[in-house]
Amino acid sequence: MIARAQRNLVPLALGLGTVIGAVLIAEVLIRAGMVNRFIVPMPSQIAGAFHRVITEEDILHRFLVTAREALWATLLLAVFGIGLGVLLYRVKLLRDATETWVAAFASAPTVLMYPLFLVIFGRSENTIIMMGFVAGLPAVILKTIEGLVGTRRVLVNVGRSFKLTEVQLFWKIYFPAALPTIFVGMRLGMIFALINIVGVEFLINFGGLGQLINDLAERYDLPGTYAAICFVILVSVLFFFLTDRLEKWLRPAD
Amino acid sequence: MAVTRLDAAARPAAATPLLVVEDVSKNFETPEGVVTAVEHMSFDVAPGEFLAVIGPSGCGKSTLFNIIGGLLDGYDGRVTVAGETVIGPHRSIGMVFQEESTFPWRTVTENVAFPLEIAGQPKAQRIERARHFIDLVGLRGFENRYPAELSGGMRQRVAIARTLASEPKILLMDEPFGALDEQTRLLLGDKVLQIQDQLKQTCLLITHNITEAVQLADRVLVMTYRPGKLKRMVSIELPRPRSSEIVSSDAFGHYVAQIWGDLREEASRGMRDDEEHMLHEHKP
């Protein structure tokens with residue numbers, strides 16, 4: 001038990017130590033004038049800005065707005081991304097016809113499509129959610145297909161030998177076997193979604209943390225800007241933690 | 001039919017067969033043309049009998065396994081179980097595969113209870129039943145472990161227990177211990193013998209291992225190299241109950257030598273064929 005706790009603590013300590021080390025190096029480099037302090041503020045200044053950003057900029061509300069948008073985008077990704085991935089896996093003709101296009105779409109700078117989404121959904125949270133959703137969709141579709149295609153033939157044969165129906169085969173074998181890869185797709189999708197969500201908030205000056213970053217940047221409050229970016233990272237960490245828990249619940253063996 | 005005569009001669013007191021393979025042939029279309037994997041195979045297995053099918057690599061053993069298990073169609077001939085023609089997977093046939101086939105996301109108990117879950121048994125009942133089969137394969141104490149926490153031999157025992165949990169009339173195994181070392185293979189052979197003895201289970205084992213075939217089977221069907229045909233049916237007159245200790249007996253050695261005598265020629269043909277194929281493929 002103690003050995004296992006130690007095994008879990010070592011990577012955690014190493015991760016934290018690396019971050020602290022990087023922060024200290026940045027502090028030293030900026031103080032030494034090797035990095036321009038008018039472009040990159042000192043970590044100590046950023047830490048000092050946290051209190052101000054929290055008390056004066058209504059950060060909790062903005063954090064929740066961005067988190068809510070990310071949550072909706074994630075739910076849409078789970079429903080439509082995984083759903084489309086399953087559909088393309090099942091209908092081979094459709095997959096052969098569209099897989100390359102989906103892959104090409106993954107590298108498209110969809111954030112530049114924001115004016116189109118503004119026309120469709122207005123200057124609202126819906127535009128931001130949809131932009132996040134669209135950005136994450138190809139990764140979830142492609143990884144879902146990859147996971148399903150990669151299901152070992154022998155596991156499917158076991159199911160067939162027990163006379164499973166097609167629906168049972170999917171839910172009892174294909175889906176759990178593909179789950180780790182599907183979760184990789186969901187994590188990638190969430191990363192792209194969050195980048196787009198904050199980016200569009202920034203661009204249309206609406207919503208949560210992206211808008212705050214825009215405001216602070218325009219005021220040339222660089223420590224505040226970086227402090228706000230830290231909260232974006234916090235949203236990302238929160239979502240990664242939640243998906244990790246969900247995956248462990250669905251596949252406790254991994 | 002010559003094949004049936006061979007079969008009858010090898011088994012002195014033939015009971016009503018549980019499994020009948022009747023004149024089965026299977027061709028595959030390949031870029032090089034039509035390849036006959038199995039040709040005019042006929043044999044039967046009596047209730048409680050242990051039949052091993054042995055042949056060199058590429059002789060169509062796995063094709064035969066898939067045909068009998070109902071995983072492969074489009075063949076000539078007929079396979080029947082207790083008089084019923086096999087069309088697709090049949091509930092009377094339980095399959096154990098060569099590759100590792102436990103579900104990694106399920107515990108040992110959940111793996112073994114899988115067919116009972118599919119059959120719609122209540123949870124408490126299926127767990128109790130699964131524990132019985134876990135005991136049978138000697139995995140008590142590992143009920144809540146995941147396959148990743150078990151050795152290869154233990155995982156294959158989970159796969160056997162899972163198949164037995166569906167209470168098949170015939171246990172059809174395709175080189176279940178093929179990936180294991182010789183010592184583990186012999187010990188797991190003992191376990192299979194114990195289980196067969198306890199359950200009076202009818203078994204059909206596909207293997208390329210002569211020792212394993214002689215250790216376990218009542219009869220050994222020797223196949224020719226491509227196309228896979230019945231070459232000889234050898235009746236193994238070793239006393240039961242058996243264990244792996246029997247491998248040191250003279251009689252055991254005699255059977256191994258006899259089967260190897262038949263197989264040697266076929267295996268050599270297979271080897272030559274492979275070499276010619278490789279030469280042809282890599283011609284400058």
# chains A, B, ... in the order shown; residues from 1 in each chain; ligands from 1
>>> residues_around(residues="segment 157-164 of chain A", least_positions_apart="3", cutoff="9 Å", atoms="only C-alpha atoms", output="PyMOL selection string")
(chain A and resi 152-154+167-169+172-173) or (chain B and resi 69-71+88-91+93-97+101-102+115+118+163+166)
>>> interface_residues(of="chain A", to="chain B", cutoff="6 Å", atoms="only C-alpha atoms", output="PyMOL selection string")
chain A and resi 155+161+251+253
>>> residues_around(residues="segment 140-147 of chain A", least_positions_apart="6", cutoff="10 Å", atoms="only C-alpha atoms", output="PyMOL selection string")
chain A and resi 77-78+80-90+95+99-100+102-103+106+174-190
>>> residues_around(residues="Leu263 of chain B", least_positions_apart="2", cutoff="8 Å", atoms="only C-alpha atoms", output="list in words")
Gly55, Pro56, Val222, Met223, Thr224, Ile259, Trp260, Gly261, Glu265, Glu266 and Ala267 of chain B
>>> select_by_dssp(residues="segment 79-191 of chain A", states="alpha helix (DSSP H)", output="ChimeraX atom specification")
/A:82-90,92-106,114-121,125-149,153-161,166-169,175-191
>>> closest_residue(among="A:Thr18, A:Asn196, A:Thr165, A:Gln45", to="Thr66 of chain A", atoms="only C-alpha atoms")
A:Asn196
>>> residues_around(residues="Ala37 of chain B", least_positions_apart="5", cutoff="7 Å", atoms="only C-alpha atoms", output="PyMOL selection string")
chain B and resi 26-27+59-60+226-228
>>> atom_distance(atom1="atom CA of Pro241 of chain B", atom2="atom CA of Thr109 of chain B")
28.9 Å
>>> residues_around(residues="segment 246-250 of chain B", least_positions_apart="5", cutoff="9 Å", atoms="only C-alpha atoms", output="PyMOL selection string")
chain B and resi 211+214-215+238+255
>>> write_last_selection(atoms="N, CA and C atoms", output="JSON list (two decimals), in the first residue's frame")
[["chain", "number", "residue", "atom", "x", "y", "z"],
["B", 211, "THR", "N", 2.94, -34.05, -28.62],
["B", 211, "THR", "CA", 2.90, -34.43, -27.20],
["B", 211, "THR", "C", 1.55, -34.10, -26.59],
["B", 214, "VAL", "N", -1.22, -36.47, -27.90],
["B", 214, "VAL", "CA", -1.18, -37.82, -27.33],
["B", 214, "VAL", "C", -1.54, -37.78, -25.84],
["B", 215, "GLN", "N", -1.07, -36.74, -25.14],
["B", 215, "GLN", "CA", -1.35, -36.61, -23.70],
["B", 215, "GLN", "C", -2.86, -36.52, -23.44],
["B", 238, "LEU", "N", -3.98, -45.22, -24.17],
["B", 238, "LEU", "CA", -3.30, -44.99, -22.89],
["B", 238, "LEU", "C", -4.36, -44.97, -21.79],
["B", 255, "TYR", "N", 3.48, -43.75, -29.48],
["B", 255, "TYR", "CA", 2.44, -42.98, -30.20],
["B", 255, "TYR", "C", 3.02, -41.71, -30.83]]
>>> closest_residue(among="A:Phe231, A:Phe202, A:Tyr114, A:Phe133", to="Ala70 of chain A", atoms="only C-alpha atoms")
A:Phe133
>>> atom_distance(atom1="atom CA of His61 of chain A", atom2="atom CA of Gly208 of chain A")
7.5 Å
>>> closest_residue(among="A:Gly224, A:Gly150, A:Gly199, A:Gly207", to="Ser124 of chain A", atoms="only C-alpha atoms")
A:Gly207
>>> atom_distance(atom1="atom CA of Asp221 of chain A", atom2="atom CA of Gly15 of chain A")
28.9 Å
